[in-house]
file query02.txt (compact mmCIF, C-alpha atoms)
# COMPACT_ATOMS: atom_id res chain seq x y z
CA MET D 1 8.05 75.38 27.15
CA MET D 2 5.14 76.85 25.22
CA LEU D 3 6.46 75.48 21.92
CA THR D 4 7.01 72.07 23.50
CA TYR D 5 3.47 72.05 24.87
CA ILE D 6 1.99 73.02 21.48
CA ILE D 7 3.92 70.25 19.70
CA TYR D 8 2.82 67.73 22.33
CA ARG D 9 -0.83 68.74 21.97
CA LEU D 10 -0.63 68.57 18.16
CA PHE D 11 0.63 65.00 18.33
CA ALA D 12 -2.01 64.16 20.96
CA ILE D 13 -4.92 65.05 18.65
CA ILE D 14 -3.81 62.57 15.96
CA PRO D 15 -5.33 59.49 17.70
CA VAL D 16 -8.40 61.61 18.52
CA LEU D 17 -8.93 62.44 14.84
CA LEU D 18 -8.41 58.79 13.90
CA GLY D 19 -10.97 57.75 16.49
CA LEU D 20 -13.42 60.34 15.15
CA SER D 21 -13.00 59.06 11.60
CA LEU D 22 -13.64 55.50 12.79
CA ILE D 23 -16.78 56.49 14.71
CA VAL D 24 -18.14 58.48 11.76
CA PHE D 25 -17.51 55.57 9.40
CA LEU D 26 -19.07 52.94 11.69
CA VAL D 27 -22.17 55.04 12.46
CA MET D 28 -22.90 55.48 8.76
CA ALA D 29 -22.15 51.81 8.07
CA MET D 30 -24.71 50.71 10.70
CA ILE D 31 -27.58 52.70 9.17
CA PRO D 32 -30.17 50.19 7.90
CA GLY D 33 -30.67 49.85 4.17
CA ASP D 34 -28.53 49.42 1.10
CA PRO D 35 -26.84 52.63 -0.14
CA ALA D 36 -26.66 51.28 -3.68
CA THR D 37 -30.41 50.69 -3.72
CA ALA D 38 -31.04 54.24 -2.47
CA ILE D 39 -28.72 55.65 -5.13
CA LEU D 40 -30.23 53.72 -8.02
CA GLY D 41 -33.85 54.29 -7.04
CA ASN D 42 -36.18 52.87 -9.71
CA PHE D 43 -33.19 51.35 -11.52
CA ALA D 44 -32.24 49.18 -8.52
CA THR D 45 -32.22 45.80 -10.20
CA PRO D 46 -30.13 43.05 -8.55
CA GLU D 47 -27.55 43.30 -11.34
CA ASN D 48 -27.27 47.10 -11.08
CA VAL D 49 -27.07 46.98 -7.29
CA ALA D 50 -24.30 44.39 -7.36
CA LYS D 51 -22.39 46.36 -9.99
CA LEU D 52 -22.66 49.63 -8.05
CA ASN D 53 -21.64 47.95 -4.78
CA GLN D 54 -18.53 46.69 -6.54
CA GLN D 55 -17.76 50.16 -7.94
CA LEU D 56 -18.19 51.81 -4.55
CA GLY D 57 -16.27 49.10 -2.72
CA LEU D 58 -19.31 48.18 -0.62
CA ASP D 59 -18.82 44.49 -1.37
CA LYS D 60 -15.65 44.47 0.74
CA SER D 61 -15.40 43.99 4.50
CA LEU D 62 -15.87 46.95 6.86
CA VAL D 63 -12.17 46.99 7.70
CA GLU D 64 -11.20 47.18 4.04
CA GLN D 65 -13.83 49.85 3.37
CA TYR D 66 -12.55 51.96 6.27
CA VAL D 67 -8.90 51.68 5.24
CA ILE D 68 -9.73 52.64 1.65
CA TRP D 69 -11.93 55.55 2.73
CA LEU D 70 -9.40 56.87 5.26
CA ASN D 71 -6.56 56.61 2.75
CA ASN D 72 -8.61 58.57 0.22
CA VAL D 73 -9.54 61.21 2.81
CA ILE D 74 -5.90 61.73 3.78
CA GLN D 75 -5.04 62.20 0.11
CA GLY D 76 -7.81 64.77 -0.30
CA ASP D 77 -10.21 62.53 -2.21
CA TRP D 78 -13.39 62.50 -0.12
CA GLY D 79 -15.46 60.88 -2.84
CA ARG D 80 -18.29 62.23 -4.96
CA SER D 81 -21.79 63.09 -3.82
CA PHE D 82 -24.34 61.25 -5.92
CA SER D 83 -27.23 63.48 -4.79
CA LEU D 84 -25.44 66.73 -5.75
CA ASN D 85 -23.18 65.27 -8.45
CA CYS D 86 -20.10 67.10 -7.20
CA PRO D 87 -16.95 66.33 -5.17
CA VAL D 88 -17.74 65.93 -1.47
CA LEU D 89 -14.78 68.02 -0.30
CA ASP D 90 -15.72 71.00 -2.48
CA GLU D 91 -19.33 70.95 -1.30
CA VAL D 92 -18.40 70.50 2.37
CA LEU D 93 -15.89 73.37 2.34
CA GLU D 94 -18.32 75.68 0.56
CA ARG D 95 -21.14 74.96 2.99
CA PHE D 96 -18.80 75.04 5.97
CA GLN D 97 -17.91 78.67 5.25
CA ALA D 98 -21.55 79.66 5.78
CA THR D 99 -21.71 77.57 8.96
CA LEU D 100 -18.55 79.18 10.32
CA ILE D 101 -20.04 82.64 9.76
CA LEU D 102 -23.17 81.69 11.69
CA ALA D 103 -21.38 79.76 14.45
CA GLY D 104 -18.65 82.39 14.75
CA ALA D 105 -21.19 85.18 15.18
CA ALA D 106 -23.13 83.13 17.73
CA TRP D 107 -19.97 82.28 19.67
CA LEU D 108 -18.90 85.93 19.67
CA LEU D 109 -22.29 86.96 21.05
CA CYS D 110 -22.33 84.30 23.76
CA SER D 111 -18.74 85.09 24.76
CA VAL D 112 -19.05 88.88 24.97
CA PHE D 113 -22.49 89.09 26.58
CA GLY D 114 -22.01 85.95 28.67
CA LEU D 115 -18.74 87.23 30.16
CA LEU D 116 -20.16 90.70 30.80
CA ALA D 117 -23.30 89.30 32.43
CA GLY D 118 -21.24 86.97 34.62
CA ILE D 119 -18.88 89.74 35.72
CA ILE D 120 -21.71 92.16 36.54
CA ALA D 121 -23.62 89.49 38.44
CA ALA D 122 -20.51 88.62 40.47
CA ILE D 123 -19.58 92.15 41.49
CA ARG D 124 -23.25 92.90 42.30
CA GLN D 125 -23.88 89.63 44.12
CA PHE D 126 -27.38 89.28 45.68
CA SER D 127 -28.49 92.62 44.19
CA TRP D 128 -31.53 93.00 41.94
CA ILE D 129 -29.17 93.06 38.93
CA ASP D 130 -27.71 89.70 39.96
CA LYS D 131 -31.19 88.24 40.44
CA MET D 132 -32.42 89.58 37.09
CA ILE D 133 -29.38 88.22 35.21
CA THR D 134 -29.76 84.84 36.94
CA PHE D 135 -33.45 84.71 36.00
CA VAL D 136 -32.80 85.62 32.36
CA VAL D 137 -29.96 83.09 32.18
CA LEU D 138 -32.14 80.29 33.55
CA VAL D 139 -34.93 81.12 31.10
CA GLY D 140 -32.46 81.17 28.20
CA ILE D 141 -30.90 77.84 29.15
CA SER D 142 -34.32 76.20 29.58
CA MET D 143 -35.76 77.45 26.29
CA PRO D 144 -35.36 75.16 23.23
CA ALA D 145 -33.37 77.05 20.60
CA PHE D 146 -35.52 75.96 17.65
CA TRP D 147 -38.69 77.12 19.45
CA LEU D 148 -37.05 80.47 20.25
CA GLY D 149 -36.08 80.77 16.60
CA LEU D 150 -39.68 80.30 15.49
CA LEU D 151 -40.84 82.92 18.02
CA LEU D 152 -38.24 85.40 16.78
CA ILE D 153 -39.29 84.80 13.19
CA MET D 154 -42.95 85.43 14.06
CA LEU D 155 -42.15 88.58 16.04
CA PHE D 156 -39.25 90.29 14.24
CA ALA D 157 -39.71 88.96 10.69
CA VAL D 158 -43.46 88.49 10.26
CA HIS D 159 -45.06 90.96 12.69
CA TRP D 160 -42.57 93.86 12.83
CA GLN D 161 -40.63 92.96 9.65
CA TRP D 162 -37.35 94.25 11.06
CA PHE D 163 -35.25 91.33 9.86
CA PRO D 164 -35.58 88.70 7.11
CA ALA D 165 -36.98 85.34 8.10
CA SER D 166 -34.64 83.04 6.18
CA GLY D 167 -31.63 82.75 3.92
CA MET D 168 -28.15 84.22 3.97
CA TYR D 169 -28.69 86.94 1.38
CA ALA D 170 -31.70 88.57 -0.24
CA ILE D 171 -33.02 86.74 -3.29
CA TYR D 172 -33.11 89.93 -5.35
CA GLY D 173 -30.35 92.50 -4.91
CA GLY D 174 -28.28 92.71 -1.76
CA GLY D 175 -25.29 90.41 -1.47
CA ASP D 176 -23.15 92.89 0.45
CA ILE D 177 -21.95 92.82 4.06
CA GLY D 178 -24.97 94.78 5.26
CA ASP D 179 -27.33 92.25 3.70
CA LEU D 180 -25.39 89.42 5.34
CA LEU D 181 -25.48 91.05 8.78
CA THR D 182 -29.22 91.67 8.48
CA HIS D 183 -29.86 88.00 7.72
CA LEU D 184 -27.41 86.94 10.44
CA VAL D 185 -29.06 88.68 13.41
CA LEU D 186 -31.93 86.27 14.17
CA PRO D 187 -30.17 82.90 13.62
CA ALA D 188 -27.00 84.02 15.42
CA PHE D 189 -28.91 85.28 18.46
CA THR D 190 -31.04 82.13 18.54
CA LEU D 191 -27.99 79.90 18.37
CA SER D 192 -26.12 81.86 21.05
CA ILE D 193 -28.80 82.13 23.73
CA VAL D 194 -28.17 78.80 25.49
CA ALA D 195 -24.38 79.09 25.27
CA MET D 196 -24.63 82.67 26.53
CA GLY D 197 -26.43 81.48 29.65
CA VAL D 198 -23.85 78.77 30.34
CA VAL D 199 -20.93 81.20 29.96
CA ALA D 200 -22.65 83.76 32.20
CA ARG D 201 -23.31 81.28 35.01
CA LEU D 202 -19.81 79.84 35.02
CA THR D 203 -18.19 83.27 34.72
CA ARG D 204 -20.16 84.42 37.76
CA SER D 205 -19.04 81.39 39.76
CA ALA D 206 -15.40 81.78 38.70
CA MET D 207 -15.39 85.52 39.48
CA LEU D 208 -16.93 85.00 42.91
CA GLU D 209 -14.28 82.41 43.73
CA VAL D 210 -11.43 84.70 42.58
CA LEU D 211 -12.79 87.78 44.35
CA ARG D 212 -12.42 85.97 47.68
CA LEU D 213 -8.71 85.25 47.18
CA ASP D 214 -5.93 87.00 49.07
CA PHE D 215 -4.28 88.69 46.09
CA ILE D 216 -7.54 90.56 45.33
CA ARG D 217 -7.68 91.87 48.90
CA THR D 218 -4.02 92.85 48.59
CA ALA D 219 -4.68 94.71 45.33
CA ARG D 220 -7.52 96.62 46.94
CA ALA D 221 -5.40 97.38 50.02
CA LYS D 222 -2.78 98.95 47.75
CA GLY D 223 -5.38 101.47 46.62
CA LEU D 224 -5.89 100.21 43.06
CA LYS D 225 -9.04 101.36 41.35
CA GLU D 226 -11.90 98.86 41.56
CA ARG D 227 -12.22 98.68 37.79
CA ARG D 228 -8.52 97.75 37.51
CA VAL D 229 -8.88 95.14 40.24
CA ILE D 230 -11.91 93.57 38.56
CA PHE D 231 -10.81 93.50 34.93
CA LEU D 232 -7.02 93.29 35.17
CA HIS D 233 -6.57 90.98 38.15
CA ALA D 234 -9.79 89.13 38.97
CA PHE D 235 -11.06 88.62 35.42
CA LYS D 236 -7.66 87.43 34.17
CA ALA D 237 -7.52 84.82 36.93
CA ALA D 238 -11.13 83.74 36.38
CA LEU D 239 -10.65 83.49 32.63
CA VAL D 240 -8.36 80.49 33.11
CA ASN D 241 -11.36 78.46 34.33
CA VAL D 242 -13.79 79.96 31.82
CA ILE D 243 -11.77 79.35 28.64
CA PRO D 244 -12.42 75.55 28.52
CA ILE D 245 -16.15 76.23 28.87
CA MET D 246 -16.00 78.74 26.04
CA ALA D 247 -14.30 76.12 23.87
CA ILE D 248 -17.05 73.64 24.69
CA GLN D 249 -19.65 76.25 23.77
CA ALA D 250 -17.85 76.81 20.46
CA GLY D 251 -18.47 73.15 19.71
CA PHE D 252 -22.04 73.48 20.97
CA VAL D 253 -22.92 76.33 18.62
CA LEU D 254 -21.20 74.51 15.77
CA GLY D 255 -23.29 71.40 16.38
CA GLY D 256 -26.43 73.41 17.11
CA ALA D 257 -26.13 75.06 13.72
CA VAL D 258 -27.63 71.88 12.23
CA TYR D 259 -31.19 72.55 13.39
CA ILE D 260 -30.88 76.35 13.46
CA GLU D 261 -29.86 76.31 9.80
CA THR D 262 -32.94 74.23 9.08
CA VAL D 263 -35.23 76.67 10.91
CA PHE D 264 -33.78 79.75 9.19
CA GLN D 265 -32.95 78.06 5.86
CA TRP D 266 -29.29 79.03 6.28
CA PRO D 267 -27.22 77.45 3.46
CA GLY D 268 -24.64 75.86 5.73
CA ILE D 269 -23.35 72.39 6.48
CA GLY D 270 -26.27 71.65 8.82
CA ARG D 271 -28.87 71.87 6.06
CA MET D 272 -26.55 69.91 3.81
CA LEU D 273 -26.31 67.09 6.36
CA VAL D 274 -30.08 66.95 6.84
CA ASN D 275 -30.62 66.61 3.08
CA ALA D 276 -27.75 64.15 2.72
CA ILE D 277 -29.11 61.89 5.47
CA ALA D 278 -32.58 61.96 3.88
CA SER D 279 -31.11 60.84 0.55
CA ARG D 280 -28.61 58.42 2.16
CA ASP D 281 -25.66 60.20 0.57
CA ILE D 282 -23.18 58.43 2.84
CA LEU D 283 -19.97 60.01 1.56
CA LEU D 284 -21.43 63.49 1.92
CA VAL D 285 -22.62 62.77 5.47
CA GLN D 286 -19.24 61.30 6.43
CA GLY D 287 -17.42 64.31 5.02
CA GLY D 288 -19.69 66.83 6.74
CA VAL D 289 -19.59 65.16 10.14
CA LEU D 290 -15.82 64.64 9.92
CA ILE D 291 -15.10 68.31 9.20
CA VAL D 292 -17.40 69.49 12.01
CA ALA D 293 -15.93 67.05 14.53
CA SER D 294 -12.37 67.92 13.52
CA THR D 295 -13.10 71.63 13.93
CA TYR D 296 -14.43 70.96 17.42
CA VAL D 297 -11.20 69.16 18.32
CA LEU D 298 -9.17 72.11 17.02
CA PHE D 299 -11.28 74.51 19.11
CA ASN D 300 -10.39 72.54 22.22
CA LEU D 301 -6.73 72.48 21.21
CA CYS D 302 -6.70 76.27 20.91
CA ALA D 303 -8.46 76.55 24.28
CA ASP D 304 -5.87 74.31 25.95
CA ILE D 305 -3.03 76.39 24.53
CA ALA D 306 -4.69 79.66 25.60
CA GLN D 307 -5.35 78.29 29.08
CA TYR D 308 -1.73 77.15 29.38
CA ALA D 309 -0.51 80.60 28.31
CA LEU D 310 -2.76 82.44 30.77
CA ASP D 311 -2.25 80.25 33.80
CA SER D 312 1.19 81.11 35.14
CA ARG D 313 0.82 78.38 37.76
CA LEU D 314 0.87 75.69 35.07
CA SER D 315 3.93 77.25 33.45
CA SER D 316 5.82 77.42 36.74
CA ARG D 317 4.97 73.81 37.55
CA SER D 318 6.22 72.62 34.18
CA GLN D 319 9.48 74.52 34.65
CA ASN D 320 9.98 72.96 38.08

call {"tool": "encode", "arguments": {"input": "query02.txt", "output": "structure tokens"}}
result
Amino acid sequence: MMLTYIIYRLFAIIPVLLGLSLIVFLVMAMIPGDPATAILGNFATPENVAKLNQQLGLDKSLVEQYVIWLNNVIQGDWGRSFSLNCPVLDEVLERFQATLILAGAAWLLCSVFGLLAGIIAAIRQFSWIDKMITFVVLVGISMPAFWLGLLLIMLFAVHWQWFPASGMYAIYGGGDIGDLLTHLVLPAFTLSIVAMGVVARLTRSAMLEVLRLDFIRTARAKGLKERRVIFLHAFKAALVNVIPIMAIQAGFVLGGAVYIETVFQWPGIGRMLVNAIASRDILLVQGGVLIVASTYVLFNLCADIAQYALDSRLSSRSQN
């Protein structure tokens, strides 16, 4: 049944990806201005603009443009960036590696600390620990991430000089894993703080709901250690409801990397998109947004499969 479910979900994301490609294409097509004029700059004479529009296929209808672009994307030809003078796919994949490092570290932080905070708050309900965690979570959720990033730069990079303020590696020397981790601390923590609060709140709610169920009381009546009851029984049951939220937060940190990369000058796909939008490099913007959106869909697919595997109730229903 698991293999059948995975195959079904894989086929189900095909229309989703097609819809994403259509939305990305239409949004870029509705941006005011002529791309050919932006590309040519001072050489944008009527003759040159008409010639470039014909070369790029911009003189065709939107339907024809979309079909041509989608066909090229499927074949691996994502076009060429005029602002960077390189293939779009190569640039997007190179930048996306840096974004995945940042988003992956942020998601790991928000998952580990968010789950731990939620579990501790649930098992110590109404205690001072629960109140302190709730207060910190509310402050973290309410605080704009870019503003927190600037505060962290001023405190830890400028005042105390514990961590570098920007970049992925040191300009001179460095380049090893230690250098990367040092540069990763501030942007990853900044990007994770809001998602961490969301995971902590929902984990607390899910744990409190599970701890009131009969099978938890039965486990305790059998004399099982409290730690085993909490982490083996209660947490496993609560995780079924938390996993979809964690997948959503994975998409959140991936999308939030756009402005965090700008604040910390991280050489990822977020900075690339900001520069591409400023220069109206449409193919580069379409490629960047498409890869980010597709990754978010894949995150949710993995979360659905993990939730299906963990929730024995769903498996038993499908067998019946």

call {"tool": "residues_around", "arguments": {"input": "query02.txt", "residues": "range 51-54 of chain D", "least_positions_apart": "2", "cutoff": "12 Å", "atoms": "all atoms listed in the file", "output": "list in words"}}
result
Asp34, Pro35, Ala36, Thr37, Ala38, Ile39, Leu40, Phe43, Ala44, Thr45, Pro46, Glu47, Asn48, Val49, Leu56, Gly57, Leu58, Asp59, Lys60, Ser61, Gln65 and Phe82 of chain D

call {"tool": "atom_distance", "arguments": {"input": "query02.txt", "atom1": "CA of Ala170 in chain D", "atom2": "CA of Leu273 in chain D"}}
result
23.1 Å

call {"tool": "closest_residue", "arguments": {"input": "query02.txt", "among": "D:Val73, D:Ile245, D:Val67, D:Leu290", "to": "Met196 in chain D", "atoms": "only C-alpha atoms"}}
result
D:Ile245

call {"tool": "atom_distance", "arguments": {"input": "query02.txt", "atom1": "CA of Cys302 in chain D", "atom2": "CA of Ala206 in chain D"}}
result
20.6 Å

call {"tool": "residues_around", "arguments": {"input": "query02.txt", "residues": "range 137-152 of chain D", "least_positions_apart": "4", "cutoff": "12 Å", "atoms": "only C-alpha atoms", "output": "PyMOL selection string"}}
result
chain D and resi 110+113-114+117-118+121+130-133+156-166+185-202+204+252-253+256-265

call {"tool": "atom_distance", "arguments": {"input": "query02.txt", "atom1": "CA of Ile68 in chain D", "atom2": "CA of Val297 in chain D"}}
result
23.5 Å

call {"tool": "build_atoms", "arguments": {"input": "query02.txt", "residues": "range 86-97 of chain D", "atoms": "all heavy atoms", "output": "PDB file, keeping the file's coordinate frame"}}
result
ATOM      1  N   CYS D  86     -21.283  66.243  -7.329  1.00  0.00           N
ATOM      2  CA  CYS D  86     -20.100  67.100  -7.200  1.00  0.00           C
ATOM      3  C   CYS D  86     -19.162  66.468  -6.182  1.00  0.00           C
ATOM      4  O   CYS D  86     -19.589  65.622  -5.381  1.00  0.00           O
ATOM      5  CB  CYS D  86     -20.497  68.518  -6.777  1.00  0.00           C
ATOM      6  SG  CYS D  86     -21.180  68.619  -5.110  1.00  0.00           S
ATOM      7  N   PRO D  87     -17.891  66.870  -6.172  1.00  0.00           N
ATOM      8  CA  PRO D  87     -16.950  66.330  -5.170  1.00  0.00           C
ATOM      9  C   PRO D  87     -17.403  66.688  -3.754  1.00  0.00           C
ATOM     10  O   PRO D  87     -17.822  67.818  -3.485  1.00  0.00           O
ATOM     11  CB  PRO D  87     -15.622  67.004  -5.524  1.00  0.00           C
ATOM     12  CG  PRO D  87     -15.750  67.364  -6.960  1.00  0.00           C
ATOM     13  CD  PRO D  87     -17.193  67.702  -7.174  1.00  0.00           C
ATOM     14  N   VAL D  88     -17.296  65.721  -2.855  1.00  0.00           N
ATOM     15  CA  VAL D  88     -17.740  65.930  -1.470  1.00  0.00           C
ATOM     16  C   VAL D  88     -16.939  67.036  -0.800  1.00  0.00           C
ATOM     17  O   VAL D  88     -17.498  67.904  -0.129  1.00  0.00           O
ATOM     18  CB  VAL D  88     -17.599  64.611  -0.671  1.00  0.00           C
ATOM     19  CG1 VAL D  88     -17.769  64.868   0.824  1.00  0.00           C
ATOM     20  CG2 VAL D  88     -18.622  63.591  -1.149  1.00  0.00           C
ATOM     21  N   LEU D  89     -15.619  67.038  -0.976  1.00  0.00           N
ATOM     22  CA  LEU D  89     -14.780  68.020  -0.300  1.00  0.00           C
ATOM     23  C   LEU D  89     -15.128  69.442  -0.720  1.00  0.00           C
ATOM     24  O   LEU D  89     -15.195  70.351   0.120  1.00  0.00           O
ATOM     25  CB  LEU D  89     -13.303  67.726  -0.577  1.00  0.00           C
ATOM     26  CG  LEU D  89     -12.288  68.611   0.161  1.00  0.00           C
ATOM     27  CD1 LEU D  89     -12.481  68.509   1.667  1.00  0.00           C
ATOM     28  CD2 LEU D  89     -10.865  68.227  -0.223  1.00  0.00           C
ATOM     29  N   ASP D  90     -15.369  69.653  -2.007  1.00  0.00           N
ATOM     30  CA  ASP D  90     -15.720  71.000  -2.480  1.00  0.00           C
ATOM     31  C   ASP D  90     -17.035  71.463  -1.882  1.00  0.00           C
ATOM     32  O   ASP D  90     -17.159  72.618  -1.432  1.00  0.00           O
ATOM     33  CB  ASP D  90     -15.817  71.002  -4.010  1.00  0.00           C
ATOM     34  CG  ASP D  90     -14.474  70.751  -4.677  1.00  0.00           C
ATOM     35  OD1 ASP D  90     -13.439  70.853  -3.978  1.00  0.00           O
ATOM     36  OD2 ASP D  90     -14.454  70.434  -5.883  1.00  0.00           O
ATOM     37  N   GLU D  91     -18.021  70.582  -1.842  1.00  0.00           N
ATOM     38  CA  GLU D  91     -19.330  70.950  -1.300  1.00  0.00           C
ATOM     39  C   GLU D  91     -19.247  71.197   0.203  1.00  0.00           C
ATOM     40  O   GLU D  91     -19.844  72.162   0.711  1.00  0.00           O
ATOM     41  CB  GLU D  91     -20.334  69.838  -1.595  1.00  0.00           C
ATOM     42  CG  GLU D  91     -21.750  70.110  -1.102  1.00  0.00           C
ATOM     43  CD  GLU D  91     -22.425  71.253  -1.824  1.00  0.00           C
ATOM     44  OE1 GLU D  91     -21.965  71.614  -2.928  1.00  0.00           O
ATOM     45  OE2 GLU D  91     -23.424  71.783  -1.284  1.00  0.00           O
ATOM     46  N   VAL D  92     -18.512  70.345   0.911  1.00  0.00           N
ATOM     47  CA  VAL D  92     -18.400  70.500   2.370  1.00  0.00           C
ATOM     48  C   VAL D  92     -17.707  71.809   2.727  1.00  0.00           C
ATOM     49  O   VAL D  92     -18.162  72.549   3.606  1.00  0.00           O
ATOM     50  CB  VAL D  92     -17.641  69.302   2.968  1.00  0.00           C
ATOM     51  CG1 VAL D  92     -17.240  69.587   4.408  1.00  0.00           C
ATOM     52  CG2 VAL D  92     -18.500  68.043   2.919  1.00  0.00           C
ATOM     53  N   LEU D  93     -16.622  72.135   2.041  1.00  0.00           N
ATOM     54  CA  LEU D  93     -15.890  73.370   2.340  1.00  0.00           C
ATOM     55  C   LEU D  93     -16.724  74.603   2.009  1.00  0.00           C
ATOM     56  O   LEU D  93     -16.693  75.601   2.736  1.00  0.00           O
ATOM     57  CB  LEU D  93     -14.568  73.400   1.577  1.00  0.00           C
ATOM     58  CG  LEU D  93     -13.524  72.370   2.012  1.00  0.00           C
ATOM     59  CD1 LEU D  93     -12.269  72.489   1.161  1.00  0.00           C
ATOM     60  CD2 LEU D  93     -13.184  72.521   3.486  1.00  0.00           C
ATOM     61  N   GLU D  94     -17.468  74.534   0.925  1.00  0.00           N
ATOM     62  CA  GLU D  94     -18.320  75.680   0.560  1.00  0.00           C
ATOM     63  C   GLU D  94     -19.420  75.904   1.585  1.00  0.00           C
ATOM     64  O   GLU D  94     -19.671  77.034   2.016  1.00  0.00           O
ATOM     65  CB  GLU D  94     -18.917  75.460  -0.828  1.00  0.00           C
ATOM     66  CG  GLU D  94     -19.785  76.619  -1.297  1.00  0.00           C
ATOM     67  CD  GLU D  94     -20.372  76.385  -2.677  1.00  0.00           C
ATOM     68  OE1 GLU D  94     -20.000  75.387  -3.331  1.00  0.00           O
ATOM     69  OE2 GLU D  94     -21.205  77.203  -3.098  1.00  0.00           O
ATOM     70  N   ARG D  95     -20.079  74.837   1.992  1.00  0.00           N
ATOM     71  CA  ARG D  95     -21.140  74.960   2.990  1.00  0.00           C
ATOM     72  C   ARG D  95     -20.577  75.308   4.366  1.00  0.00           C
ATOM     73  O   ARG D  95     -21.225  76.016   5.139  1.00  0.00           O
ATOM     74  CB  ARG D  95     -21.924  73.644   3.075  1.00  0.00           C
ATOM     75  CG  ARG D  95     -22.706  73.281   1.826  1.00  0.00           C
ATOM     76  CD  ARG D  95     -23.793  74.298   1.538  1.00  0.00           C
ATOM     77  NE  ARG D  95     -24.730  73.825   0.530  1.00  0.00           N
ATOM     78  CZ  ARG D  95     -25.922  73.317   0.792  1.00  0.00           C
ATOM     79  NH1 ARG D  95     -26.334  73.214   2.050  1.00  0.00           N
ATOM     80  NH2 ARG D  95     -26.710  72.915  -0.185  1.00  0.00           N
ATOM     81  N   PHE D  96     -19.379  74.817   4.648  1.00  0.00           N
ATOM     82  CA  PHE D  96     -18.800  75.040   5.970  1.00  0.00           C
ATOM     83  C   PHE D  96     -18.452  76.517   6.186  1.00  0.00           C
ATOM     84  O   PHE D  96     -18.438  76.996   7.325  1.00  0.00           O
ATOM     85  CB  PHE D  96     -17.553  74.181   6.148  1.00  0.00           C
ATOM     86  CG  PHE D  96     -17.074  74.083   7.568  1.00  0.00           C
ATOM     87  CD1 PHE D  96     -17.935  73.635   8.563  1.00  0.00           C
ATOM     88  CD2 PHE D  96     -15.789  74.437   7.921  1.00  0.00           C
ATOM     89  CE1 PHE D  96     -17.510  73.542   9.876  1.00  0.00           C
ATOM     90  CE2 PHE D  96     -15.353  74.343   9.227  1.00  0.00           C
ATOM     91  CZ  PHE D  96     -16.212  73.901  10.215  1.00  0.00           C
ATOM     92  N   GLN D  97     -18.177  77.239   5.116  1.00  0.00           N
ATOM     93  CA  GLN D  97     -17.910  78.670   5.250  1.00  0.00           C
ATOM     94  C   GLN D  97     -19.132  79.399   5.798  1.00  0.00           C
ATOM     95  O   GLN D  97     -19.016  80.249   6.692  1.00  0.00           O
ATOM     96  CB  GLN D  97     -17.517  79.249   3.885  1.00  0.00           C
ATOM     97  CG  GLN D  97     -16.191  78.737   3.347  1.00  0.00           C
ATOM     98  CD  GLN D  97     -15.892  79.273   1.962  1.00  0.00           C
ATOM     99  OE1 GLN D  97     -16.568  80.164   1.449  1.00  0.00           O
ATOM    100  NE2 GLN D  97     -14.857  78.720   1.323  1.00  0.00           N
TER     101      GLN D  97
END
